[in-house]
$ cat final00.pdb   # PDB, C-alpha atoms, pLDDT in the B column
ATOM      1  CA  MET A  18      20.505  26.479 -10.130  1.00 89.00           C
ATOM      2  CA  THR A  19      18.109  28.508  -8.002  1.00 92.00           C
ATOM      3  CA  GLU A  20      14.890  30.185  -9.100  1.00 92.00           C
ATOM      4  CA  ILE A  21      12.477  32.406  -7.210  1.00 92.00           C
ATOM      5  CA  ARG A  22       8.861  31.553  -8.113  1.00 92.00           C
ATOM      6  CA  ASN A  23       5.966  33.373  -6.492  1.00 92.00           C
ATOM      7  CA  GLY A  24       8.191  34.099  -3.515  1.00 93.00           C
ATOM      8  CA  LYS A  25       9.432  30.485  -3.265  1.00 95.00           C
ATOM      9  CA  LYS A  26      13.148  29.668  -3.419  1.00 97.00           C
ATOM     10  CA  VAL A  27      13.399  26.613  -5.687  1.00 98.00           C
ATOM     11  CA  LEU A  28      16.657  24.660  -5.981  1.00 98.00           C
ATOM     12  CA  ILE A  29      16.880  22.768  -9.261  1.00 98.00           C
ATOM     13  CA  THR A  30      19.006  19.633  -9.474  1.00 98.00           C
ATOM     14  CA  PRO A  31      21.909  19.359  -9.983  1.00 98.00           C
ATOM     15  CA  ILE A  32      22.444  21.660  -6.994  1.00 98.00           C
ATOM     16  CA  SER A  33      25.864  23.285  -6.685  1.00 97.00           C
ATOM     17  CA  GLU A  34      27.654  24.364  -3.539  1.00 97.00           C
ATOM     18  CA  GLU A  35      27.104  27.910  -4.754  1.00 97.00           C
ATOM     19  CA  ASP A  36      23.334  27.286  -4.748  1.00 97.00           C
ATOM     20  CA  VAL A  37      23.285  26.429  -1.039  1.00 98.00           C
ATOM     21  CA  LYS A  38      26.093  28.545   0.423  1.00 96.00           C
ATOM     22  CA  ASP A  39      23.871  31.544   1.198  1.00 96.00           C
ATOM     23  CA  LEU A  40      21.060  29.499   2.732  1.00 97.00           C
ATOM     24  CA  ARG A  41      20.717  29.862   6.492  1.00 97.00           C
ATOM     25  CA  ILE A  42      18.969  27.843   9.155  1.00 97.00           C
ATOM     26  CA  GLY A  43      15.273  28.660   9.173  1.00 96.00           C
ATOM     27  CA  ASP A  44      15.117  29.380   5.418  1.00 97.00           C
ATOM     28  CA  THR A  45      12.365  27.669   3.439  1.00 97.00           C
ATOM     29  CA  ILE A  46      13.233  26.018   0.130  1.00 98.00           C
ATOM     30  CA  TYR A  47      11.761  23.678  -2.483  1.00 98.00           C
ATOM     31  CA  ILE A  48      13.479  21.105  -4.721  1.00 98.00           C
ATOM     32  CA  GLU A  49      12.788  20.553  -8.378  1.00 98.00           C
ATOM     33  CA  GLY A  50      14.312  17.846 -10.533  1.00 98.00           C
ATOM     34  CA  TYR A  51      15.142  14.698  -8.590  1.00 98.00           C
ATOM     35  CA  VAL A  52      14.885  13.508  -5.015  1.00 98.00           C
ATOM     36  CA  VAL A  53      16.117  10.018  -4.099  1.00 98.00           C
ATOM     37  CA  THR A  54      14.885   8.047  -1.092  1.00 98.00           C
ATOM     38  CA  GLY A  55      17.305   6.335   1.270  1.00 97.00           C
ATOM     39  CA  ARG A  56      17.477   5.681   4.956  1.00 96.00           C
ATOM     40  CA  ASP A  57      19.129   3.241   7.427  1.00 95.00           C
ATOM     41  CA  SER A  58      19.833   0.235   5.200  1.00 97.00           C
ATOM     42  CA  VAL A  59      20.974   2.408   2.291  1.00 98.00           C
ATOM     43  CA  HIS A  60      23.431   4.257   4.531  1.00 98.00           C
ATOM     44  CA  GLU A  61      24.704   0.924   5.878  1.00 97.00           C
ATOM     45  CA  ARG A  62      25.282  -0.471   2.376  1.00 98.00           C
ATOM     46  CA  VAL A  63      27.145   2.617   1.211  1.00 98.00           C
ATOM     47  CA  VAL A  64      29.209   3.374   4.318  1.00 97.00           C
ATOM     48  CA  ALA A  65      29.728   0.019   6.035  1.00 96.00           C
ATOM     49  CA  GLY A  66      29.318  -2.149   2.943  1.00 97.00           C
ATOM     50  CA  GLY A  67      31.379   0.025   0.602  1.00 97.00           C
ATOM     51  CA  LEU A  68      28.805  -0.115  -2.198  1.00 97.00           C
ATOM     52  CA  ASP A  69      28.076   2.732  -4.591  1.00 97.00           C
ATOM     53  CA  MET A  70      24.583   4.165  -4.637  1.00 98.00           C
ATOM     54  CA  PRO A  71      22.580   2.563  -7.473  1.00 98.00           C
ATOM     55  CA  VAL A  72      21.796   6.085  -8.735  1.00 98.00           C
ATOM     56  CA  ASP A  73      24.124   9.075  -8.729  1.00 97.00           C
ATOM     57  CA  ILE A  74      23.133  11.562  -6.020  1.00 98.00           C
ATOM     58  CA  ARG A  75      26.149  13.854  -6.325  1.00 98.00           C
ATOM     59  CA  ASP A  76      24.799  17.425  -6.233  1.00 98.00           C
ATOM     60  CA  GLY A  77      21.356  15.954  -5.637  1.00 98.00           C
ATOM     61  CA  ALA A  78      18.812  15.581  -2.852  1.00 98.00           C
ATOM     62  CA  LEU A  79      18.153  12.558  -0.655  1.00 98.00           C
ATOM     63  CA  ILE A  80      15.171  12.133   1.636  1.00 98.00           C
ATOM     64  CA  HIS A  81      15.304   9.946   4.717  1.00 97.00           C
ATOM     65  CA  ALA A  82      11.929   8.344   4.069  1.00 95.00           C
ATOM     66  CA  GLY A  83      10.173   5.019   4.053  1.00 92.00           C
ATOM     67  CA  PRO A  84       7.639   5.702   1.308  1.00 96.00           C
ATOM     68  CA  ILE A  85       4.474   3.793   0.590  1.00 96.00           C
ATOM     69  CA  ILE A  86       4.681   2.644  -3.027  1.00 96.00           C
ATOM     70  CA  ARG A  87       2.163   1.016  -5.335  1.00 95.00           C
ATOM     71  CA  ASP A  88       3.691  -1.422  -7.808  1.00 93.00           C
ATOM     72  CA  LYS A  89       1.833  -0.815 -11.086  1.00 92.00           C
ATOM     73  CA  GLY A  90       3.643  -3.671 -12.834  1.00 89.00           C
ATOM     74  CA  ASP A  91       6.113  -3.586 -15.730  1.00 89.00           C
ATOM     75  CA  GLY A  92       8.639  -1.741 -13.577  1.00 87.00           C
ATOM     76  CA  GLN A  93       6.259   1.175 -12.958  1.00 93.00           C
ATOM     77  CA  TYR A  94       5.690   2.530  -9.461  1.00 96.00           C
ATOM     78  CA  GLU A  95       3.473   5.164  -7.896  1.00 96.00           C
ATOM     79  CA  MET A  96       4.263   7.163  -4.760  1.00 95.00           C
ATOM     80  CA  LEU A  97       1.277   7.101  -2.381  1.00 96.00           C
ATOM     81  CA  ALA A  98       2.936   8.635   0.691  1.00 96.00           C
ATOM     82  CA  CYS A  99       6.437   9.888   1.436  1.00 94.00           C
ATOM     83  CA  GLY A 100       6.666  10.664   5.119  1.00 90.00           C
ATOM     84  CA  PRO A 101      10.120  11.649   6.325  1.00 93.00           C
ATOM     85  CA  THR A 102      11.917   9.319   8.722  1.00 92.00           C
ATOM     86  CA  THR A 103      13.623  10.593  11.880  1.00 94.00           C
ATOM     87  CA  SER A 104      16.967  11.756  10.511  1.00 96.00           C
ATOM     88  CA  MET A 105      18.826  11.118  13.772  1.00 95.00           C
ATOM     89  CA  ARG A 106      18.769   7.421  12.886  1.00 96.00           C
ATOM     90  CA  MET A 107      21.345   8.195  10.174  1.00 96.00           C
ATOM     91  CA  GLU A 108      23.574  10.471  12.300  1.00 97.00           C
ATOM     92  CA  ARG A 109      26.343   7.945  13.005  1.00 96.00           C
ATOM     93  CA  LEU A 110      26.840   7.316   9.264  1.00 97.00           C
ATOM     94  CA  GLU A 111      25.915  10.681   7.739  1.00 98.00           C
ATOM     95  CA  TYR A 112      29.357  12.283   7.632  1.00 98.00           C
ATOM     96  CA  ASP A 113      30.818   9.392   5.653  1.00 98.00           C
ATOM     97  CA  PHE A 114      27.683   9.095   3.524  1.00 98.00           C
ATOM     98  CA  VAL A 115      27.860  12.756   2.462  1.00 98.00           C
ATOM     99  CA  LYS A 116      31.598  12.429   1.842  1.00 98.00           C
ATOM    100  CA  GLU A 117      31.189   9.283  -0.295  1.00 97.00           C
ATOM    101  CA  THR A 118      28.123  10.302  -2.310  1.00 98.00           C
ATOM    102  CA  GLY A 119      28.494  14.069  -2.705  1.00 98.00           C
ATOM    103  CA  VAL A 120      24.810  14.567  -1.901  1.00 98.00           C
ATOM    104  CA  ARG A 121      24.015  18.268  -1.541  1.00 98.00           C
ATOM    105  CA  VAL A 122      20.622  18.343   0.236  1.00 98.00           C
ATOM    106  CA  LEU A 123      19.523  15.960   2.981  1.00 98.00           C
ATOM    107  CA  ILE A 124      15.824  15.913   3.857  1.00 97.00           C
ATOM    108  CA  GLY A 125      14.248  14.275   6.848  1.00 96.00           C
ATOM    109  CA  LYS A 126      12.411  14.760  10.104  1.00 95.00           C
ATOM    110  CA  GLY A 127      13.826  16.287  13.265  1.00 93.00           C
ATOM    111  CA  GLY A 128      17.336  17.380  14.021  1.00 92.00           C
ATOM    112  CA  MET A 129      20.763  15.896  13.553  1.00 96.00           C
ATOM    113  CA  LYS A 130      24.006  16.356  15.487  1.00 96.00           C
ATOM    114  CA  GLU A 131      27.708  17.074  15.141  1.00 96.00           C
ATOM    115  CA  LYS A 132      28.628  14.531  12.444  1.00 97.00           C
ATOM    116  CA  THR A 133      26.030  15.839  10.029  1.00 98.00           C
ATOM    117  CA  ALA A 134      26.838  19.465  10.856  1.00 97.00           C
ATOM    118  CA  ALA A 135      30.532  18.749  10.184  1.00 98.00           C
ATOM    119  CA  ALA A 136      29.691  17.114   6.842  1.00 98.00           C
ATOM    120  CA  CYS A 137      27.511  20.051   5.806  1.00 98.00           C
ATOM    121  CA  LYS A 138      30.256  22.521   6.644  1.00 98.00           C
ATOM    122  CA  GLU A 139      33.101  20.543   5.089  1.00 98.00           C
ATOM    123  CA  PHE A 140      31.358  19.390   1.920  1.00 98.00           C
ATOM    124  CA  GLY A 141      28.946  22.269   1.257  1.00 98.00           C
ATOM    125  CA  ALA A 142      25.698  20.469   1.999  1.00 98.00           C
ATOM    126  CA  ILE A 143      22.557  21.234   3.999  1.00 98.00           C
ATOM    127  CA  HIS A 144      20.046  19.291   6.070  1.00 98.00           C
ATOM    128  CA  SER A 145      16.380  20.266   5.926  1.00 98.00           C
ATOM    129  CA  VAL A 146      13.110  18.996   7.304  1.00 97.00           C
ATOM    130  CA  PHE A 147       9.862  18.288   5.525  1.00 94.00           C
ATOM    131  CA  PRO A 148       7.181  19.168   8.090  1.00 90.00           C
ATOM    132  CA  ALA A 149       5.936  15.976   9.735  1.00 80.00           C
ATOM    133  CA  GLY A 150       2.416  14.788   9.020  1.00 83.00           C
ATOM    134  CA  ASN A 151       2.566  15.735   5.355  1.00 89.00           C
ATOM    135  CA  ALA A 152       3.429  12.397   3.736  1.00 93.00           C
ATOM    136  CA  VAL A 153       0.643  12.723   1.165  1.00 93.00           C
ATOM    137  CA  VAL A 154       1.635  16.309   0.344  1.00 93.00           C
ATOM    138  CA  ALA A 155       5.189  15.103  -0.289  1.00 94.00           C
ATOM    139  CA  ALA A 156       3.915  12.299  -2.539  1.00 95.00           C
ATOM    140  CA  GLU A 157       1.868  14.783  -4.552  1.00 95.00           C
ATOM    141  CA  CYS A 158       5.116  16.594  -5.437  1.00 96.00           C
ATOM    142  CA  VAL A 159       6.417  13.390  -7.079  1.00 97.00           C
ATOM    143  CA  GLU A 160       5.641  13.449 -10.795  1.00 97.00           C
ATOM    144  CA  GLU A 161       7.170  10.058 -11.540  1.00 97.00           C
ATOM    145  CA  ILE A 162       9.289   7.347  -9.961  1.00 97.00           C
ATOM    146  CA  GLU A 163      11.950   6.866 -12.614  1.00 97.00           C
ATOM    147  CA  SER A 164      13.763   3.938 -11.028  1.00 96.00           C
ATOM    148  CA  ALA A 165      13.513   1.544  -8.103  1.00 97.00           C
ATOM    149  CA  ASP A 166      16.685  -0.124  -6.831  1.00 97.00           C
ATOM    150  CA  TRP A 167      17.768  -2.329  -3.945  1.00 97.00           C
ATOM    151  CA  LEU A 168      14.224  -3.684  -3.741  1.00 96.00           C
ATOM    152  CA  ASP A 169      15.605  -6.624  -1.747  1.00 97.00           C
ATOM    153  CA  LEU A 170      15.697  -4.230   1.224  1.00 97.00           C
ATOM    154  CA  GLY A 171      11.896  -3.976   1.197  1.00 94.00           C
ATOM    155  CA  MET A 172       9.570  -1.160   0.232  1.00 93.00           C
ATOM    156  CA  PRO A 173      10.525   1.410   2.893  1.00 93.00           C
ATOM    157  CA  GLU A 174      14.279   0.868   2.570  1.00 96.00           C
ATOM    158  CA  ALA A 175      14.617   0.641  -1.223  1.00 97.00           C
ATOM    159  CA  VAL A 176      16.066   3.450  -3.330  1.00 98.00           C
ATOM    160  CA  TYR A 177      13.532   5.318  -5.464  1.00 98.00           C
ATOM    161  CA  LYS A 178      14.630   8.035  -7.859  1.00 98.00           C
ATOM    162  CA  CYS A 179      11.736  10.475  -8.021  1.00 98.00           C
ATOM    163  CA  ARG A 180      11.198  13.302 -10.489  1.00 98.00           C
ATOM    164  CA  VAL A 181       9.699  16.094  -8.406  1.00 98.00           C
ATOM    165  CA  LYS A 182       8.147  19.507  -8.868  1.00 97.00           C
ATOM    166  CA  GLU A 183       8.495  22.068  -6.067  1.00 96.00           C
ATOM    167  CA  PHE A 184       9.098  19.356  -3.472  1.00 97.00           C
ATOM    168  CA  GLY A 185       8.543  21.030  -0.138  1.00 96.00           C
ATOM    169  CA  PRO A 186       8.291  23.173   1.839  1.00 96.00           C
ATOM    170  CA  LEU A 187      11.645  22.256   3.348  1.00 97.00           C
ATOM    171  CA  ILE A 188      13.072  24.147   6.309  1.00 97.00           C
ATOM    172  CA  VAL A 189      16.873  24.384   6.449  1.00 98.00           C
ATOM    173  CA  THR A 190      18.049  23.006   9.816  1.00 97.00           C
ATOM    174  CA  ILE A 191      21.816  22.705   9.199  1.00 98.00           C
ATOM    175  CA  ASP A 192      23.518  25.111   6.810  1.00 98.00           C
ATOM    176  CA  THR A 193      26.891  25.147   5.075  1.00 98.00           C
ATOM    177  CA  GLU A 194      28.409  27.018   8.021  1.00 97.00           C
ATOM    178  CA  GLY A 195      27.517  24.062  10.233  1.00 96.00           C
ATOM    179  CA  ARG A 196      24.909  26.020  12.185  1.00 96.00           C
ATOM    180  CA  ASN A 197      22.277  23.711  13.627  1.00 96.00           C
ATOM    181  CA  PHE A 198      18.751  25.078  14.089  1.00 93.00           C
ATOM    182  CA  PHE A 199      17.595  22.464  16.594  1.00 85.00           C
ATOM    183  CA  GLU A 200      20.741  22.647  18.714  1.00 85.00           C
ATOM    184  CA  GLU A 201      20.646  26.448  18.795  1.00 81.00           C
ATOM    185  CA  LYS A 202      16.981  26.384  19.808  1.00 80.00           C
ATOM    186  CA  LYS A 203      17.794  23.972  22.659  1.00 78.00           C
ATOM    187  CA  VAL A 204      20.376  26.434  24.017  1.00 81.00           C
ATOM    188  CA  GLU A 205      17.907  29.300  23.652  1.00 80.00           C
ATOM    189  CA  TYR A 206      15.193  27.314  25.427  1.00 81.00           C
ATOM    190  CA  GLU A 207      17.496  26.442  28.320  1.00 80.00           C
ATOM    191  CA  ARG A 208      18.477  30.091  28.709  1.00 80.00           C
ATOM    192  CA  ILE A 209      14.838  31.222  28.747  1.00 82.00           C
ATOM    193  CA  LYS A 210      13.869  28.405  31.097  1.00 76.00           C
ATOM    194  CA  ASP A 211      16.634  29.361  33.541  1.00 74.00           C
ATOM    195  CA  GLU A 212      15.581  33.013  33.451  1.00 74.00           C
TER     196      GLU A 212
END

$ encode --input "final00.pdb" --output "structure tokens"
Amino acid sequence: MTEIRNGKKVLITPISEEDVKDLRIGDTIYIEGYVVTGRDSVHERVVAGGLDMPVDIRDGALIHAGPIIRDKGDGQYEMLACGPTTSMRMERLEYDFVKETGVRVLIGKGGMKEKTAAACKEFGAIHSVFPAGNAVVAAECVEEIESADWLDLGMPEAVYKCRVKEFGPLIVTIDTEGRNFFEEKKVEYERIKDE
């Protein structure tokens, strides 16, 4: 479901293909509901290891992040910082990861390439960036960490299911048509440079 609040486009989990199909590169969005963390080791376990995600992220949002977490004891955790990780690190596995998990919104830092663009186009997903340098801002959007899984991977690689409120701003960098903001800007830059 999508809501417009004070001029903000807020996607509420679960997020359908219909919710993202009209988004275009450069659009700014926010997520409400749940965002799950997962980066290199999580992608490896799911794609190469054939394991299911410990939490269901179908029609959900996943952030490539290595958060800083405070263990409050008794299974309670607090998000202190949630800086996005360079998404390109997941590029080689992202197509299969999106296919296997059904995740709808990927969040990270920087651009991604052809495999992710193909996954977004084929499976109705998007990639977006959380502006770098705002790890504390991102953490402030987390109302509660509801679960922590795969803790054996270590704090930055574990899977945290976070209940969030207006998580963002997120800038769409790959849309459901497979358009890629960063790649298009590179072409534009080269053209201007040559001129």

$ atom_distance --input "final00.pdb" --atom1 "CA of Lys182 in chain A" --atom2 "CA of Thr103 in chain A"
23.2 Å

$ closest_residue --input "final00.pdb" --among "A:Glu207, A:Cys179, A:Asp73, A:Ser58" --to "Cys158 in chain A" --atoms "all atoms listed in the file"
A:Cys179

$ residues_around --input "final00.pdb" --residues "Ala165 in chain A" --least-positions-apart "4" --cutoff "12 Å" --atoms "only C-alpha atoms" --output "number ranges by chain"
A: 53-55, 70-72, 84, 86-88, 91-96, 161, 169-179

$ closest_residue --input "final00.pdb" --among "A:Val59, A:Ile143, A:Ile209, A:Leu79" --to "Asn197 in chain A" --atoms "only C-alpha atoms"
A:Ile143

$ residues_around --input "final00.pdb" --residues "Met107 in chain A" --least-positions-apart "5" --cutoff "10 Å" --atoms "all atoms listed in the file" --output "list in words"
Gly55, Arg56, Asp57, Ser58, Val59, His60, Glu61, His81, Thr102, Tyr112, Phe114, Gly125, Met129, Lys132 and Thr133 of chain A

$ closest_residue --input "final00.pdb" --among "A:Met105, A:Ile48, A:Ala98, A:Ala142" --to "Ile191 in chain A" --atoms "only C-alpha atoms"
A:Ala142

$ closest_residue --input "final00.pdb" --among "A:Arg196, A:Lys38, A:Lys126, A:Lys26" --to "Phe140 in chain A" --atoms "all atoms listed in the file"
A:Lys38

$ closest_residue --input "final00.pdb" --among "A:Arg208, A:Arg75, A:Lys138, A:Lys89" --to "Gly119 in chain A" --atoms "all atoms listed in the file"
A:Arg75

$ closest_residue --input "final00.pdb" --among "A:Glu205, A:Asp76, A:Asp69, A:Glu49" --to "Glu35 in chain A" --atoms "all atoms listed in the file"
A:Asp76

$ decode --input "final00.pdb" --residues "range 74-173 of chain A" --atoms "C-alpha atoms" --output "tab-separated table (two decimals), in the first residue's frame"
chain	number	residue	atom	x	y	z
A	74	ILE	CA	10.98	-10.76	3.16
A	75	ARG	CA	8.60	-11.47	0.28
A	76	ASP	CA	7.00	-8.13	-0.65
A	77	GLY	CA	9.25	-6.50	1.93
A	78	ALA	CA	12.32	-4.28	2.11
A	79	LEU	CA	15.93	-5.29	2.71
A	80	ILE	CA	18.76	-2.91	3.49
A	81	HIS	CA	22.36	-3.73	2.65
A	82	ALA	CA	23.70	-2.53	5.99
A	83	GLY	CA	26.07	-3.47	8.75
A	84	PRO	CA	24.26	-1.85	11.66
A	85	ILE	CA	25.67	-1.02	15.05
A	86	ILE	CA	23.47	-2.77	17.62
A	87	ARG	CA	23.31	-2.58	21.39
A	88	ASP	CA	22.37	-5.86	23.06
A	89	LYS	CA	20.01	-4.90	25.89
A	90	GLY	CA	19.79	-8.48	27.15
A	91	ASP	CA	16.82	-10.87	27.23
A	92	GLY	CA	16.73	-10.95	23.43
A	93	GLN	CA	16.20	-7.18	23.18
A	94	TYR	CA	18.29	-5.07	20.82
A	95	GLU	CA	18.60	-1.38	20.04
A	96	MET	CA	19.67	0.11	16.70
A	97	LEU	CA	22.36	2.76	17.25
A	98	ALA	CA	23.40	3.30	13.62
A	99	CYS	CA	22.30	1.80	10.32
A	100	GLY	CA	24.64	3.01	7.62
A	101	PRO	CA	24.06	1.47	4.21
A	102	THR	CA	26.74	-0.79	2.77
A	103	THR	CA	27.99	-0.43	-0.81
A	104	SER	CA	25.34	-2.37	-2.72
A	105	MET	CA	27.72	-3.36	-5.53
A	106	ARG	CA	29.16	-5.96	-3.17
A	107	MET	CA	25.91	-7.92	-3.60
A	108	GLU	CA	25.64	-7.52	-7.40
A	109	ARG	CA	26.87	-11.00	-8.37
A	110	LEU	CA	24.20	-12.64	-6.17
A	111	GLU	CA	21.35	-10.12	-6.32
A	112	TYR	CA	19.40	-11.54	-9.25
A	113	ASP	CA	19.13	-14.95	-7.62
A	114	PHE	CA	18.51	-13.41	-4.20
A	115	VAL	CA	15.55	-11.37	-5.47
A	116	LYS	CA	14.23	-14.40	-7.35
A	117	GLU	CA	14.49	-16.68	-4.29
A	118	THR	CA	13.19	-14.29	-1.63
A	119	GLY	CA	10.63	-12.16	-3.47
A	120	VAL	CA	11.98	-9.01	-1.82
A	121	ARG	CA	10.36	-5.92	-3.32
A	122	VAL	CA	12.63	-3.03	-2.22
A	123	LEU	CA	16.42	-3.18	-1.97
A	124	ILE	CA	18.14	-0.36	-0.09
A	125	GLY	CA	21.82	0.38	-0.04
A	126	LYS	CA	24.57	2.77	-1.01
A	127	GLY	CA	25.75	3.51	-4.53
A	128	GLY	CA	24.74	1.90	-7.77
A	129	MET	CA	24.28	-1.64	-8.98
A	130	LYS	CA	24.62	-3.20	-12.43
A	131	GLU	CA	22.92	-5.45	-14.96
A	132	LYS	CA	22.04	-8.41	-12.72
A	133	THR	CA	20.14	-6.26	-10.26
A	134	ALA	CA	18.48	-4.25	-13.04
A	135	ALA	CA	17.36	-7.52	-14.67
A	136	ALA	CA	15.94	-8.78	-11.36
A	137	CYS	CA	14.06	-5.52	-10.78
A	138	LYS	CA	12.54	-5.66	-14.24
A	139	GLU	CA	11.69	-9.36	-14.19
A	140	PHE	CA	10.38	-9.61	-10.64
A	141	GLY	CA	8.88	-6.15	-10.10
A	142	ALA	CA	11.38	-4.84	-7.57
A	143	ILE	CA	13.35	-1.63	-7.10
A	144	HIS	CA	16.76	-0.63	-5.76
A	145	SER	CA	17.10	2.60	-3.79
A	146	VAL	CA	19.79	4.41	-1.88
A	147	PHE	CA	19.71	5.85	1.61
A	148	PRO	CA	21.93	8.95	1.39
A	149	ALA	CA	25.37	8.11	2.78
A	150	GLY	CA	26.47	9.68	6.04
A	151	ASN	CA	23.05	9.34	7.65
A	152	ALA	CA	23.47	6.14	9.67
A	153	VAL	CA	22.06	7.75	12.83
A	154	VAL	CA	19.11	9.21	10.92
A	155	ALA	CA	18.33	5.73	9.60
A	156	ALA	CA	18.54	4.26	13.11
A	157	GLU	CA	16.13	6.90	14.41
A	158	CYS	CA	13.52	5.56	11.95
A	159	VAL	CA	13.72	2.14	13.65
A	160	GLU	CA	11.03	1.86	16.31
A	161	GLU	CA	11.97	-1.64	17.42
A	162	ILE	CA	14.16	-4.57	16.45
A	163	GLU	CA	11.65	-7.41	16.54
A	164	SER	CA	14.05	-10.27	15.86
A	165	ALA	CA	17.75	-10.99	15.46
A	166	ASP	CA	18.81	-14.06	13.49
A	167	TRP	CA	22.00	-15.61	12.16
A	168	LEU	CA	23.91	-13.93	14.98
A	169	ASP	CA	26.75	-16.39	14.35
A	170	LEU	CA	27.65	-14.18	11.37
A	171	GLY	CA	28.53	-11.30	13.71
A	172	MET	CA	26.82	-8.01	14.40
A	173	PRO	CA	27.14	-6.37	10.96
